[in-house]
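coords01.txt, holding compact mmCIF, C-alpha atoms and all ligand atoms:
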# COMPACT_ATOMS: atom_id res chain seq x y z
CA MET A 235 76.91 13.94 -88.63
CA SER A 236 77.80 13.64 -84.97
CA CYS A 237 76.97 10.60 -82.88
CA ARG A 238 74.46 12.80 -81.11
CA ASP A 239 72.67 13.59 -84.38
CA LYS A 240 72.19 9.90 -84.94
CA LYS A 241 69.86 10.00 -81.99
CA ILE A 242 67.08 11.39 -84.13
CA ASP A 243 68.18 10.35 -87.59
CA GLY A 244 69.07 6.76 -86.99
CA GLU A 245 67.20 3.69 -86.00
CA SER A 246 67.69 4.32 -82.28
CA GLU A 247 64.47 6.36 -82.24
CA LYS A 248 62.30 3.77 -83.98
CA PRO A 249 59.59 2.28 -81.80
CA ARG A 250 59.76 -1.47 -82.20
CA HIS A 251 58.07 -4.53 -80.86
CA ASN A 252 60.67 -7.14 -81.54
CA ARG A 253 63.96 -8.59 -80.37
CA GLN A 254 64.63 -8.04 -76.68
CA THR A 255 61.70 -5.72 -76.08
CA ASN A 256 58.23 -7.22 -76.09
CA HIS A 257 54.97 -5.64 -77.14
CA ASP A 258 54.47 -3.83 -73.83
CA GLY A 259 57.93 -2.33 -73.91
CA ILE A 260 59.14 -4.85 -71.33
CA VAL A 261 62.79 -5.74 -71.72
CA ALA A 262 63.30 -9.51 -71.70
CA SER A 263 67.05 -9.73 -71.17
CA GLY A 264 69.63 -7.69 -69.29
CA PHE A 265 70.34 -6.85 -65.68
CA SER A 266 67.66 -7.45 -63.08
CA ILE A 267 66.07 -4.39 -61.50
CA LEU A 268 65.82 -5.34 -57.82
CA ALA A 269 63.97 -2.27 -56.60
CA ARG A 270 62.54 1.02 -57.72
CA THR A 271 61.58 3.97 -55.55
CA ASP A 272 59.90 7.09 -56.84
CA PHE A 273 61.07 10.16 -54.93
CA SER A 274 58.93 12.63 -56.84
CA GLU A 275 57.04 13.08 -60.09
CA ASN A 276 60.25 12.99 -62.11
CA THR A 277 62.94 11.49 -59.86
CA PHE A 278 63.25 7.76 -59.30
CA LEU A 279 65.76 5.26 -57.98
CA LEU A 280 66.70 1.96 -59.59
CA GLU A 281 68.68 -0.71 -57.73
CA ILE A 282 70.18 -3.06 -60.28
CA LEU A 283 71.80 -6.46 -59.76
CA HIS A 284 75.32 -6.35 -61.20
CA PRO A 285 77.82 -8.02 -58.81
CA ALA A 286 80.90 -7.32 -60.96
CA MET A 287 80.02 -3.63 -61.25
CA ALA A 288 79.23 -3.35 -57.52
CA LYS A 289 82.62 -4.92 -56.75
CA ALA A 290 84.52 -2.55 -59.02
CA ALA A 291 82.61 0.69 -58.31
CA HIS A 292 84.13 3.66 -56.49
CA PRO A 293 82.61 7.02 -55.52
CA GLY A 294 82.57 9.53 -58.37
CA GLN A 295 82.26 6.96 -61.14
CA PHE A 296 79.40 6.58 -63.57
CA VAL A 297 77.79 3.99 -65.81
CA ILE A 298 76.30 4.17 -69.27
CA VAL A 299 72.94 2.44 -69.51
CA ILE A 300 70.71 1.41 -72.38
CA SER A 301 67.25 0.76 -71.06
CA ASN A 302 65.99 -1.29 -74.03
CA ASP A 303 67.35 -2.58 -77.31
CA HIS A 304 66.48 0.55 -79.29
CA SER A 305 67.20 3.30 -76.76
CA GLU A 306 70.20 5.63 -76.62
CA ARG A 307 73.07 5.52 -74.16
CA ILE A 308 72.58 7.53 -70.99
CA PRO A 309 75.41 8.35 -68.57
CA LEU A 310 74.35 8.13 -64.91
CA THR A 311 76.41 8.53 -61.77
CA ILE A 312 76.64 5.54 -59.44
CA ALA A 313 74.63 6.88 -56.51
CA ASP A 314 75.30 3.88 -54.30
CA PHE A 315 76.68 0.36 -54.46
CA ASP A 316 76.38 -2.65 -52.20
CA ARG A 317 79.22 -5.10 -52.71
CA GLU A 318 77.64 -7.80 -50.52
CA LYS A 319 74.31 -7.66 -52.27
CA GLY A 320 75.97 -7.15 -55.66
CA SER A 321 73.82 -4.16 -56.52
CA VAL A 322 74.35 -0.72 -58.00
CA THR A 323 71.92 2.15 -57.37
CA LEU A 324 71.12 4.90 -59.86
CA VAL A 325 68.93 7.94 -59.26
CA VAL A 326 67.43 9.34 -62.42
CA GLN A 327 65.72 12.61 -63.20
CA ALA A 328 63.32 12.21 -66.11
CA VAL A 329 64.12 15.26 -68.22
CA GLY A 330 63.81 14.12 -71.84
CA LYS A 331 62.93 11.29 -74.17
CA SER A 332 65.29 8.58 -72.93
CA THR A 333 64.98 9.24 -69.21
CA ARG A 334 61.18 9.43 -69.52
CA GLU A 335 61.22 6.16 -71.42
CA MET A 336 63.23 4.68 -68.54
CA GLN A 337 60.74 6.10 -66.09
CA ALA A 338 57.89 4.43 -67.99
CA GLN A 339 59.58 1.07 -68.59
CA CYS A 340 62.07 0.30 -65.81
CA GLN A 341 60.17 -1.40 -63.00
CA ALA A 342 61.22 -3.64 -60.11
CA GLY A 343 61.30 -7.22 -61.38
CA GLY A 344 62.14 -6.04 -64.90
CA LYS A 345 65.47 -5.68 -66.68
CA MET A 346 67.90 -2.96 -67.66
CA PHE A 347 68.93 -3.98 -71.19
CA GLY A 348 72.55 -2.81 -71.08
CA MET A 349 74.91 -1.28 -68.57
CA VAL A 350 78.64 -0.59 -68.88
CA GLY A 351 81.05 0.72 -66.28
CA PRO A 352 82.20 1.74 -63.83
CA MET A 353 83.58 4.57 -65.94
CA GLY A 354 85.56 7.69 -65.14
CA ILE A 355 88.28 8.31 -62.59
CA PRO A 356 87.16 7.62 -59.00
CA SER A 357 87.00 10.67 -56.75
CA HIS A 358 90.09 11.40 -54.72
CA VAL A 359 88.88 11.15 -51.14
CA SER A 360 91.97 10.88 -48.99
CA GLY A 361 93.92 13.76 -47.49
CA SER A 362 91.14 16.15 -46.49
CA GLN A 363 90.31 16.26 -42.79
CA LYS A 364 87.24 18.47 -43.02
CA VAL A 365 85.05 18.58 -46.10
CA ILE A 366 81.75 20.04 -47.22
CA CYS A 367 79.88 17.71 -49.59
CA VAL A 368 77.30 19.66 -51.58
CA GLY A 369 74.52 18.22 -53.73
CA GLY A 370 71.80 20.03 -55.60
CA GLY A 371 69.07 18.73 -57.89
CA LEU A 372 70.27 15.61 -59.64
CA GLY A 373 73.56 15.95 -57.75
CA VAL A 374 72.07 15.04 -54.36
CA ALA A 375 72.23 11.28 -54.92
CA PRO A 376 75.75 11.19 -56.46
CA ILE A 377 77.24 13.21 -53.58
CA PHE A 378 76.20 10.49 -51.12
CA PRO A 379 78.94 7.91 -51.94
CA GLN A 380 81.52 10.70 -51.73
CA ALA A 381 80.28 11.81 -48.30
CA ARG A 382 80.37 8.19 -47.10
CA ALA A 383 83.88 7.66 -48.52
CA PHE A 384 85.20 10.81 -46.79
CA LYS A 385 83.63 9.63 -43.54
CA GLU A 386 85.20 6.18 -43.92
CA ALA A 387 88.57 7.88 -44.57
CA GLY A 388 88.26 9.63 -41.20
CA ALA A 389 87.22 13.12 -42.33
CA TYR A 390 84.75 15.43 -40.58
CA VAL A 391 81.93 15.63 -43.12
CA ILE A 392 79.46 18.50 -43.49
CA GLY A 393 76.66 17.65 -45.91
CA VAL A 394 74.77 20.46 -47.64
CA VAL A 395 71.97 19.46 -50.01
CA GLY A 396 69.46 21.60 -51.87
CA PHE A 397 65.90 20.87 -52.97
CA ARG A 398 63.16 23.09 -54.33
CA SER A 399 60.77 22.16 -51.51
CA ARG A 400 60.16 19.77 -48.60
CA ASP A 401 58.22 17.18 -50.64
CA LEU A 402 61.25 16.55 -52.90
CA ILE A 403 63.63 15.63 -50.07
CA PHE A 404 65.04 12.09 -50.12
CA TRP A 405 67.81 10.11 -48.34
CA GLU A 406 67.84 12.40 -45.31
CA ASP A 407 68.52 9.47 -42.92
CA LYS A 408 71.14 8.04 -45.23
CA PHE A 409 73.01 11.36 -45.32
CA ARG A 410 72.70 11.89 -41.56
CA SER A 411 74.29 8.45 -41.02
CA VAL A 412 77.53 9.53 -42.75
CA CYS A 413 77.64 13.29 -42.01
CA ASP A 414 78.84 14.97 -38.83
CA GLU A 415 76.66 17.94 -39.73
CA PHE A 416 73.87 17.91 -42.26
CA VAL A 417 72.10 20.95 -43.72
CA ILE A 418 69.06 20.84 -45.97
CA CYS A 419 68.37 23.97 -48.03
CA THR A 420 65.05 24.56 -49.76
CA ASP A 421 64.23 27.28 -52.27
CA ASP A 422 60.88 27.98 -50.62
CA GLY A 423 61.95 27.52 -47.01
CA SER A 424 59.51 24.63 -46.46
CA ALA A 425 62.32 22.66 -44.77
CA GLY A 426 65.72 23.50 -43.34
CA LEU A 427 67.50 26.63 -44.43
CA LYS A 428 65.59 28.85 -46.85
CA GLY A 429 67.92 29.57 -49.71
CA LEU A 430 70.53 28.11 -51.99
CA VAL A 431 73.27 25.63 -51.13
CA THR A 432 75.78 28.47 -51.43
CA GLN A 433 74.25 29.94 -48.26
CA GLY A 434 74.78 26.58 -46.56
CA ILE A 435 78.43 26.64 -47.68
CA GLU A 436 78.93 30.20 -46.41
CA ASN A 437 77.43 29.27 -43.03
CA ALA A 438 79.66 26.21 -42.74
CA ILE A 439 82.78 28.21 -43.65
CA LYS A 440 81.84 30.82 -41.03
CA ALA A 441 81.46 28.11 -38.39
CA HIS A 442 84.66 26.24 -39.36
CA ASP A 443 87.84 28.06 -40.38
CA ASP A 444 89.62 24.81 -41.25
CA ILE A 445 87.64 23.44 -44.21
CA ASP A 446 90.08 21.60 -46.50
CA GLU A 447 87.83 20.91 -49.44
CA VAL A 448 84.38 21.42 -50.91
CA VAL A 449 82.94 18.83 -53.30
CA ALA A 450 79.91 19.97 -55.28
CA ILE A 451 77.67 18.01 -57.64
CA GLY A 452 74.61 19.36 -59.42
CA PRO A 453 73.55 21.45 -62.38
CA PRO A 454 76.42 23.48 -63.91
CA ILE A 455 74.95 26.77 -62.70
CA MET A 456 74.93 25.50 -59.14
CA MET A 457 78.48 24.10 -59.33
CA ARG A 458 79.69 27.42 -60.72
CA ALA A 459 78.02 29.29 -57.84
CA CYS A 460 79.65 26.92 -55.34
CA ALA A 461 83.07 27.42 -56.95
CA GLU A 462 82.64 31.20 -56.86
CA THR A 463 81.65 31.04 -53.17
CA THR A 464 84.76 29.08 -52.21
CA ARG A 465 87.16 30.99 -54.49
CA ALA A 466 87.05 33.98 -52.16
CA HIS A 467 88.03 31.72 -49.25
CA LYS A 468 90.71 29.90 -51.30
CA ILE A 469 89.20 26.51 -50.46
CA LYS A 470 89.94 23.64 -52.84
CA THR A 471 86.72 22.85 -54.73
CA THR A 472 86.00 19.74 -56.75
CA VAL A 473 83.04 19.53 -59.14
CA SER A 474 81.68 16.62 -61.16
CA LEU A 475 81.00 17.65 -64.75
CA ASN A 476 78.08 16.34 -66.77
CA PRO A 477 78.63 17.25 -70.44
CA ILE A 478 76.91 15.31 -73.19
CA MET A 479 78.54 11.91 -73.46
CA VAL A 480 78.21 9.35 -76.19
CA ASP A 481 80.76 6.51 -75.95
CA GLY A 482 82.21 7.32 -72.52
CA THR A 483 85.61 6.00 -73.58
CA GLY A 484 87.44 9.07 -74.88
CA MET A 485 86.78 8.30 -78.55
CA CYS A 486 84.01 10.64 -79.72
CA GLY A 487 85.01 13.97 -78.17
CA GLY A 488 81.40 14.71 -77.24
CA CYS A 489 82.24 15.35 -73.60
CA ARG A 490 84.95 17.95 -74.30
CA VAL A 491 85.27 20.48 -71.48
CA LYS A 492 87.65 23.40 -70.90
CA VAL A 493 89.54 23.25 -67.63
CA GLY A 494 92.39 25.61 -66.84
CA GLY A 495 92.51 26.62 -70.50
CA ARG A 496 93.08 23.01 -71.60
CA ILE A 497 90.67 20.70 -73.41
CA ARG A 498 89.81 17.65 -71.34
CA PHE A 499 87.43 14.76 -71.94
CA ALA A 500 85.15 14.41 -68.92
CA CYS A 501 84.57 10.69 -69.45
CA VAL A 502 88.22 9.67 -69.17
CA ASP A 503 89.95 12.69 -67.55
CA GLY A 504 87.09 13.26 -65.07
CA PRO A 505 84.26 13.63 -64.36
CA ASP A 506 85.82 15.36 -61.30
CA PHE A 507 87.73 18.59 -61.95
CA ASP A 508 88.97 21.64 -60.08
CA GLY A 509 85.88 23.87 -59.92
CA HIS A 510 88.00 27.04 -59.93
CA GLU A 511 89.48 26.08 -63.29
CA VAL A 512 86.35 24.96 -65.16
CA ASP A 513 84.95 27.08 -67.99
CA PHE A 514 81.28 26.76 -66.99
CA ASP A 515 80.05 29.08 -69.76
CA ASP A 516 81.48 26.72 -72.36
CA LEU A 517 79.95 23.70 -70.58
CA MET A 518 76.50 25.30 -70.44
CA MET A 519 76.67 26.40 -74.05
CA ARG A 520 77.58 22.88 -75.18
CA LEU A 521 74.77 21.33 -73.12
CA GLN A 522 72.27 23.53 -75.00
CA ARG A 523 73.60 22.55 -78.39
CA TYR A 524 71.10 19.81 -79.27
CA LYS A 525 68.00 21.31 -77.63
CA PRO A 526 65.89 21.37 -80.87
CA GLN A 527 66.72 17.70 -81.61
CA GLU A 528 66.06 16.72 -77.98
CA GLN A 529 62.71 18.48 -78.06
CA GLU A 530 61.84 16.83 -81.36
CA ALA A 531 62.78 13.38 -80.03
CA LEU A 532 60.66 13.89 -76.91
CA GLU A 533 57.65 15.10 -78.89
CA ARG A 534 57.86 12.18 -81.32
CA TRP A 535 58.20 9.67 -78.50
CA SER A 536 55.26 11.20 -76.58
CA GLU A 537 53.13 11.10 -79.73
CA ASN A 538 54.04 7.44 -80.38
CA CYS A 539 53.13 6.58 -76.77
CA ARG A 540 49.81 8.34 -77.19
CA ARG A 541 49.06 6.47 -80.43
CA LEU A 542 50.04 3.12 -78.94
CA ALA A 543 47.79 3.75 -75.95
CA LEU A 544 44.86 4.37 -78.30
CA GLU A 545 45.70 1.53 -80.72
CA PRO A 546 47.88 -1.08 -79.00
CA ASP A 547 48.33 -3.10 -82.22
CA ALA A 548 49.31 -0.13 -84.36
CA VAL A 549 52.55 -0.41 -86.32
CA ILE A 550 54.32 2.90 -85.92
CA GLU A 551 56.17 3.98 -89.03
CA ASP A 552 59.80 5.10 -88.82
CA GLU A 553 59.19 8.81 -89.03
CA GLY A 554 62.65 9.84 -87.91
CA SER A 555 64.71 8.14 -90.58
C1 LIG A 601 78.90 11.79 -65.99
C2 LIG A 601 77.41 12.08 -66.00
C3 LIG A 601 76.65 11.65 -64.94
C4 LIG A 601 75.27 11.88 -64.91
N1 LIG A 601 74.57 11.42 -63.85
C5 LIG A 601 73.24 11.57 -63.81
C6 LIG A 601 72.48 11.03 -62.73
O1 LIG A 601 73.00 10.39 -61.82
N2 LIG A 601 71.13 11.20 -62.78
C7 LIG A 601 70.51 11.86 -63.81
O2 LIG A 601 69.28 11.96 -63.77
N3 LIG A 601 71.20 12.38 -64.84
C8 LIG A 601 72.55 12.25 -64.87
N4 LIG A 601 73.26 12.76 -65.94
C9 LIG A 601 72.54 13.47 -67.01
C10 LIG A 601 71.83 12.47 -67.92
O3 LIG A 601 72.78 11.70 -68.62
C11 LIG A 601 70.94 13.24 -68.92
O4 LIG A 601 69.92 13.88 -68.19
C12 LIG A 601 70.30 12.32 -69.93
O5 LIG A 601 71.28 11.84 -70.84
C13 LIG A 601 69.19 13.05 -70.68
O6 LIG A 601 68.72 12.26 -71.77
P1 LIG A 601 67.21 12.41 -72.28
O7 LIG A 601 67.09 11.75 -73.61
O8 LIG A 601 66.25 11.96 -71.25
O9 LIG A 601 66.99 13.95 -72.40
P2 LIG A 601 67.37 14.91 -73.60
O10 LIG A 601 66.15 15.69 -73.94
O11 LIG A 601 68.08 14.17 -74.68
O12 LIG A 601 68.41 15.85 -72.89
C14 LIG A 601 68.07 16.71 -71.81
C15 LIG A 601 69.37 17.36 -71.34
O13 LIG A 601 70.20 16.35 -70.76
C16 LIG A 601 71.55 16.50 -71.18
N5 LIG A 601 71.92 15.31 -71.98
C17 LIG A 601 71.27 14.79 -73.02
N6 LIG A 601 71.89 13.70 -73.51
C18 LIG A 601 72.98 13.53 -72.76
C19 LIG A 601 74.05 12.60 -72.79
N7 LIG A 601 74.14 11.62 -73.68
N8 LIG A 601 75.02 12.75 -71.86
C20 LIG A 601 74.95 13.71 -70.95
N9 LIG A 601 73.98 14.63 -70.87
C21 LIG A 601 73.01 14.55 -71.78
C22 LIG A 601 71.58 17.78 -72.00
O14 LIG A 601 71.86 18.86 -71.13
C23 LIG A 601 70.20 17.92 -72.50
O15 LIG A 601 69.85 19.23 -72.83
C24 LIG A 601 74.64 12.58 -65.99
C25 LIG A 601 75.42 13.02 -67.07
C26 LIG A 601 76.77 12.77 -67.08
C27 LIG A 601 77.61 13.22 -68.22
S1 LIG A 602 81.95 10.61 -74.24
FE1 LIG A 602 83.06 10.38 -76.06
S2 LIG A 602 85.01 11.21 -75.58
FE2 LIG A 602 83.92 11.29 -73.71
Whole structure given in structure tokens:
Amino acid sequence: MSCRDKKIDGESEKPRHNRQTNHDGIVASGFSILARTDFSENTFLLEILHPAMAKAAHPGQFVIVISNDHSERIPLTIADFDREKGSVTLVVQAVGKSTREMQAQCQAGGKMFGMVGPMGIPSHVSGSQKVICVGGGLGVAPIFPQARAFKEAGAYVIGVVGFRSRDLIFWEDKFRSVCDEFVICTDDGSAGLKGLVTQGIENAIKAHDDIDEVVAIGPPIMMRACAETTRAHKIKTTVSLNPIMVDGTGMCGGCRVKVGGRIRFACVDGPDFDGHEVDFDDLMMRLQRYKPQEQEALERWSENCRRLALEPDAVIEDEGS
């Protein structure tokens, strides 16, 4: 049984009302959540007090969080860090059981039960004089520290970010403060350029014939499209891979990716890789691997939430074990 299988078979799925999590699902110990901002129905920001992590963090790195004492580990990119304040910012998209649980439980003034990191190799930001930093979907927030780092290193930074529609846009001012040019793309044309981020990249390449590097973060399908766009122009392209991770330390093999025909572990060899060398088909196939279990975990959690809402004192049996 893989570590991932343990997610539904083991005790990590059992709803409990003891130890560090009280009856209302409020975590009593851990790292203080200083602020929370909801960007949309399923995207939210958590700023967490962790001075040691903020001091050590570099763009491109990630953390593994455990939101309460019975939840699973979730890898999340460090979207921002403030060394003076001692805080680390994460932007989360609630897509399944654990991220929805975080969305329900993690509030300003509360605690994040566990958090390890910074993990992964920091992004290489020196050397390029003109870069396009591209973020799409859950990649918009993580591209920000990279854009800022390039700017601080003296590069000319073109930011290209993609959203489905105007109401989902966030951090526009933050991006404008570190980008020399900033392009918003929306699928429906309700703001900025109507179209995909690849159109934004093409436009930028047309306007500048001296782009040194493109850095793209987002869903695999988007990163693949970005890499294909730049391949024709022979522009170095870095992507940040997001395979399923369990330990984040190179031990479990869960995050295996194929790059340039070689097997690499994204947690310790990446997460940044040469986008022209990545086998995106393999990545996407591996990300789909546990869909039935993920669906089952989400349905069971939703049902338990529904039952607890109806009967707050109910003792939920361990159905998953
Ligand atoms: C290095 C890295 C950085 C990431 N940064 C962010 C981020 O900044 N913000 C964000 O919202 N999400 C980020 N993710 C993805 C996030 O970890 C998953 O969305 C989350 O684990 C889903 O868990 P779930 O139980 O809510 O959903 P599930 O229903 O369990 O899974 C939904 C989908 O998320 C992916 N996933 C599930 N479990 C994991 C796992 N342990 N590791 C990686 N992917 C998984 C799979 O594609 C799966 O199909 C990152 C992933 C990696 C590897
Ligand atoms: S997450 Fe286990 S080896 Fe990378």
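For the choices A:Val326, A:Ile377, A:Ile312, A:Ile469, the atom-to-atom distance to ligand LIG 601 (chain A) is smallest for A:Val326 when using only C-alpha atoms and all ligand atoms.
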Exercise: residues within 8 Å of coordinate (78.1, 18.1, -50.3), counting all atoms listed in the file, as a list in words: Ile366, Cys367, Val368, Gly369, Val374, Ile377, Phe378, Ala381, Ile392, Gly393, Val394, Val395, Val448, Val449, Ala450 and Ile451 of chain A
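Of the listed residues A:His292, A:Lys470, A:Arg400, A:Arg498, the one whose atoms come nearest to Gly423 (chain A) is A:Arg400, with distances taken using all atoms listed in the file.
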All residues 10 Å or closer to Ser321 (chain A), only C-alpha atoms, same chain fewer than 6 positions away omitted, as a PyMOL selection string: chain A and resi 266-268+280-289+314-315
Would you mind listing, for every residue of chain A within 8 Å of ligand LIG 601 (chain A), the two atoms forming the shortest contact and the distance between them in Å to one decimal, using all atoms listed in the file, sorted by chain and ascending residue number, as JSON lines?
{"residue": "A:Arg238", "atom": "CA", "partner": "A:LIG601", "partner_atom": "N7", "distance": 7.5}
{"residue": "A:Thr277", "atom": "CA", "partner": "A:LIG601", "partner_atom": "O2", "distance": 7.5}
{"residue": "A:Gln295", "atom": "CA", "partner": "A:LIG601", "partner_atom": "C1", "distance": 7.6}
{"residue": "A:Phe296", "atom": "CA", "partner": "A:LIG601", "partner_atom": "C1", "distance": 5.8}
{"residue": "A:Val297", "atom": "CA", "partner": "A:LIG601", "partner_atom": "C3", "distance": 7.8}
{"residue": "A:Glu306", "atom": "CA", "partner": "A:LIG601", "partner_atom": "O7", "distance": 7.5}
{"residue": "A:Arg307", "atom": "CA", "partner": "A:LIG601", "partner_atom": "N7", "distance": 6.2}
{"residue": "A:Ile308", "atom": "CA", "partner": "A:LIG601", "partner_atom": "O5", "distance": 4.5}
{"residue": "A:Pro309", "atom": "CA", "partner": "A:LIG601", "partner_atom": "O3", "distance": 4.3}
{"residue": "A:Leu310", "atom": "CA", "partner": "A:LIG601", "partner_atom": "N1", "distance": 3.5}
{"residue": "A:Thr311", "atom": "CA", "partner": "A:LIG601", "partner_atom": "O1", "distance": 3.9}
{"residue": "A:Ile312", "atom": "CA", "partner": "A:LIG601", "partner_atom": "O1", "distance": 6.5}
{"residue": "A:Ala313", "atom": "CA", "partner": "A:LIG601", "partner_atom": "O1", "distance": 6.6}
{"residue": "A:Leu324", "atom": "CA", "partner": "A:LIG601", "partner_atom": "O1", "distance": 6.1}
{"residue": "A:Val325", "atom": "CA", "partner": "A:LIG601", "partner_atom": "N2", "distance": 5.3}
{"residue": "A:Val326", "atom": "CA", "partner": "A:LIG601", "partner_atom": "O2", "distance": 3.5}
{"residue": "A:Gln327", "atom": "CA", "partner": "A:LIG601", "partner_atom": "O2", "distance": 3.7}
{"residue": "A:Ala328", "atom": "CA", "partner": "A:LIG601", "partner_atom": "O8", "distance": 5.9}
{"residue": "A:Val329", "atom": "CA", "partner": "A:LIG601", "partner_atom": "O8", "distance": 5.0}
{"residue": "A:Gly330", "atom": "CA", "partner": "A:LIG601", "partner_atom": "O9", "distance": 3.2}
{"residue": "A:Lys331", "atom": "CA", "partner": "A:LIG601", "partner_atom": "O7", "distance": 4.2}
{"residue": "A:Ser332", "atom": "CA", "partner": "A:LIG601", "partner_atom": "O7", "distance": 3.7}
{"residue": "A:Thr333", "atom": "CA", "partner": "A:LIG601", "partner_atom": "O8", "distance": 3.6}
{"residue": "A:Arg334", "atom": "CA", "partner": "A:LIG601", "partner_atom": "O8", "distance": 5.9}
{"residue": "A:Glu335", "atom": "CA", "partner": "A:LIG601", "partner_atom": "O8", "distance": 7.7}
{"residue": "A:Gly354", "atom": "CA", "partner": "A:LIG601", "partner_atom": "C1", "distance": 7.9}
{"residue": "A:Leu372", "atom": "CA", "partner": "A:LIG601", "partner_atom": "N2", "distance": 5.5}
{"residue": "A:Gly373", "atom": "CA", "partner": "A:LIG601", "partner_atom": "O1", "distance": 6.9}
{"residue": "A:Ala375", "atom": "CA", "partner": "A:LIG601", "partner_atom": "O1", "distance": 7.0}
{"residue": "A:Pro376", "atom": "CA", "partner": "A:LIG601", "partner_atom": "O1", "distance": 6.1}
{"residue": "A:Ser474", "atom": "CA", "partner": "A:LIG601", "partner_atom": "C1", "distance": 7.4}
{"residue": "A:Leu475", "atom": "CA", "partner": "A:LIG601", "partner_atom": "C1", "distance": 6.3}
{"residue": "A:Asn476", "atom": "CA", "partner": "A:LIG601", "partner_atom": "C27", "distance": 3.5}
{"residue": "A:Pro477", "atom": "CA", "partner": "A:LIG601", "partner_atom": "C27", "distance": 4.7}
{"residue": "A:Ile478", "atom": "CA", "partner": "A:LIG601", "partner_atom": "C20", "distance": 3.4}
{"residue": "A:Met479", "atom": "CA", "partner": "A:LIG601", "partner_atom": "N8", "distance": 4.0}
{"residue": "A:Val480", "atom": "CA", "partner": "A:LIG601", "partner_atom": "N7", "distance": 5.3}
{"residue": "A:Cys489", "atom": "CA", "partner": "A:LIG601", "partner_atom": "C27", "distance": 7.4}
{"residue": "A:Ala500", "atom": "CA", "partner": "A:LIG601", "partner_atom": "C1", "distance": 7.4}
{"residue": "A:Cys501", "atom": "CA", "partner": "A:LIG601", "partner_atom": "C1", "distance": 6.7}
{"residue": "A:Pro505", "atom": "CA", "partner": "A:LIG601", "partner_atom": "C1", "distance": 5.9}
{"residue": "A:Met518", "atom": "CA", "partner": "A:LIG601", "partner_atom": "O14", "distance": 8.0}
{"residue": "A:Leu521", "atom": "CA", "partner": "A:LIG601", "partner_atom": "O14", "distance": 4.3}
{"residue": "A:Gln522", "atom": "CA", "partner": "A:LIG601", "partner_atom": "O15", "distance": 5.4}
{"residue": "A:Arg523", "atom": "CA", "partner": "A:LIG601", "partner_atom": "O15", "distance": 7.5}
{"residue": "A:Tyr524", "atom": "CA", "partner": "A:LIG601", "partner_atom": "O15", "distance": 6.6}
{"residue": "A:Lys525", "atom": "CA", "partner": "A:LIG601", "partner_atom": "O15", "distance": 5.5}
{"residue": "A:Gln527", "atom": "CA", "partner": "A:LIG601", "partner_atom": "O11", "distance": 7.9}
{"residue": "A:Glu528", "atom": "CA", "partner": "A:LIG601", "partner_atom": "O10", "distance": 4.2}
{"residue": "A:Gln529", "atom": "CA", "partner": "A:LIG601", "partner_atom": "O10", "distance": 6.0}
{"residue": "A:Ala531", "atom": "CA", "partner": "A:LIG601", "partner_atom": "O10", "distance": 7.3}
{"residue": "A:Leu532", "atom": "CA", "partner": "A:LIG601", "partner_atom": "O10", "distance": 6.5}
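For the atom pair formed by CA of Lys385 (chain A) and CA of Thr463 (chain A), the distance is 23.6 Å, given to one decimal.
Counting all atoms listed in the file and comparing A:Met485, A:Ala338, A:Val491, A:Ile300, the residue that lies closest to ligand LIG 602 (chain A) is A:Met485.
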Nearest to ligand LIG 602 (chain A), chosen from A:Ile298, A:Ser357, A:Val412, A:Gln363, with all atoms listed in the file counted in the distances: A:Ile298
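Checking A:Gly320, A:Gly495, A:Gly488, A:Pro293 one by one against ligand LIG 602 (chain A), counting only C-alpha atoms and all ligand atoms, you find the shortest gap at A:Gly488.
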Spatial neighbours of Thr420 (chain A), max dist 7 Å, all atoms listed in the file, sep filter under 5 positions, as a PyMOL selection string: chain A and resi 396-400+425-430
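The closest residue to ligand LIG 602 (chain A), picked from A:Gly482, A:Pro379, A:Pro356, A:Gly344 and counting only C-alpha atoms and all ligand atoms, is A:Gly482.
In this model, the gap between CA of Lys345 (chain A) and CA of Phe265 (chain A) comes to 5.1 Å.
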Radius query 10 Å about (89.0, 28.7, -69.1), atoms used: all atoms listed in the file, as a PyMOL selection string: chain A and resi 491-497+510-516
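The space separating CA of Gly504 (chain A) from CA of Thr464 (chain A) comes to 20.5 Å.
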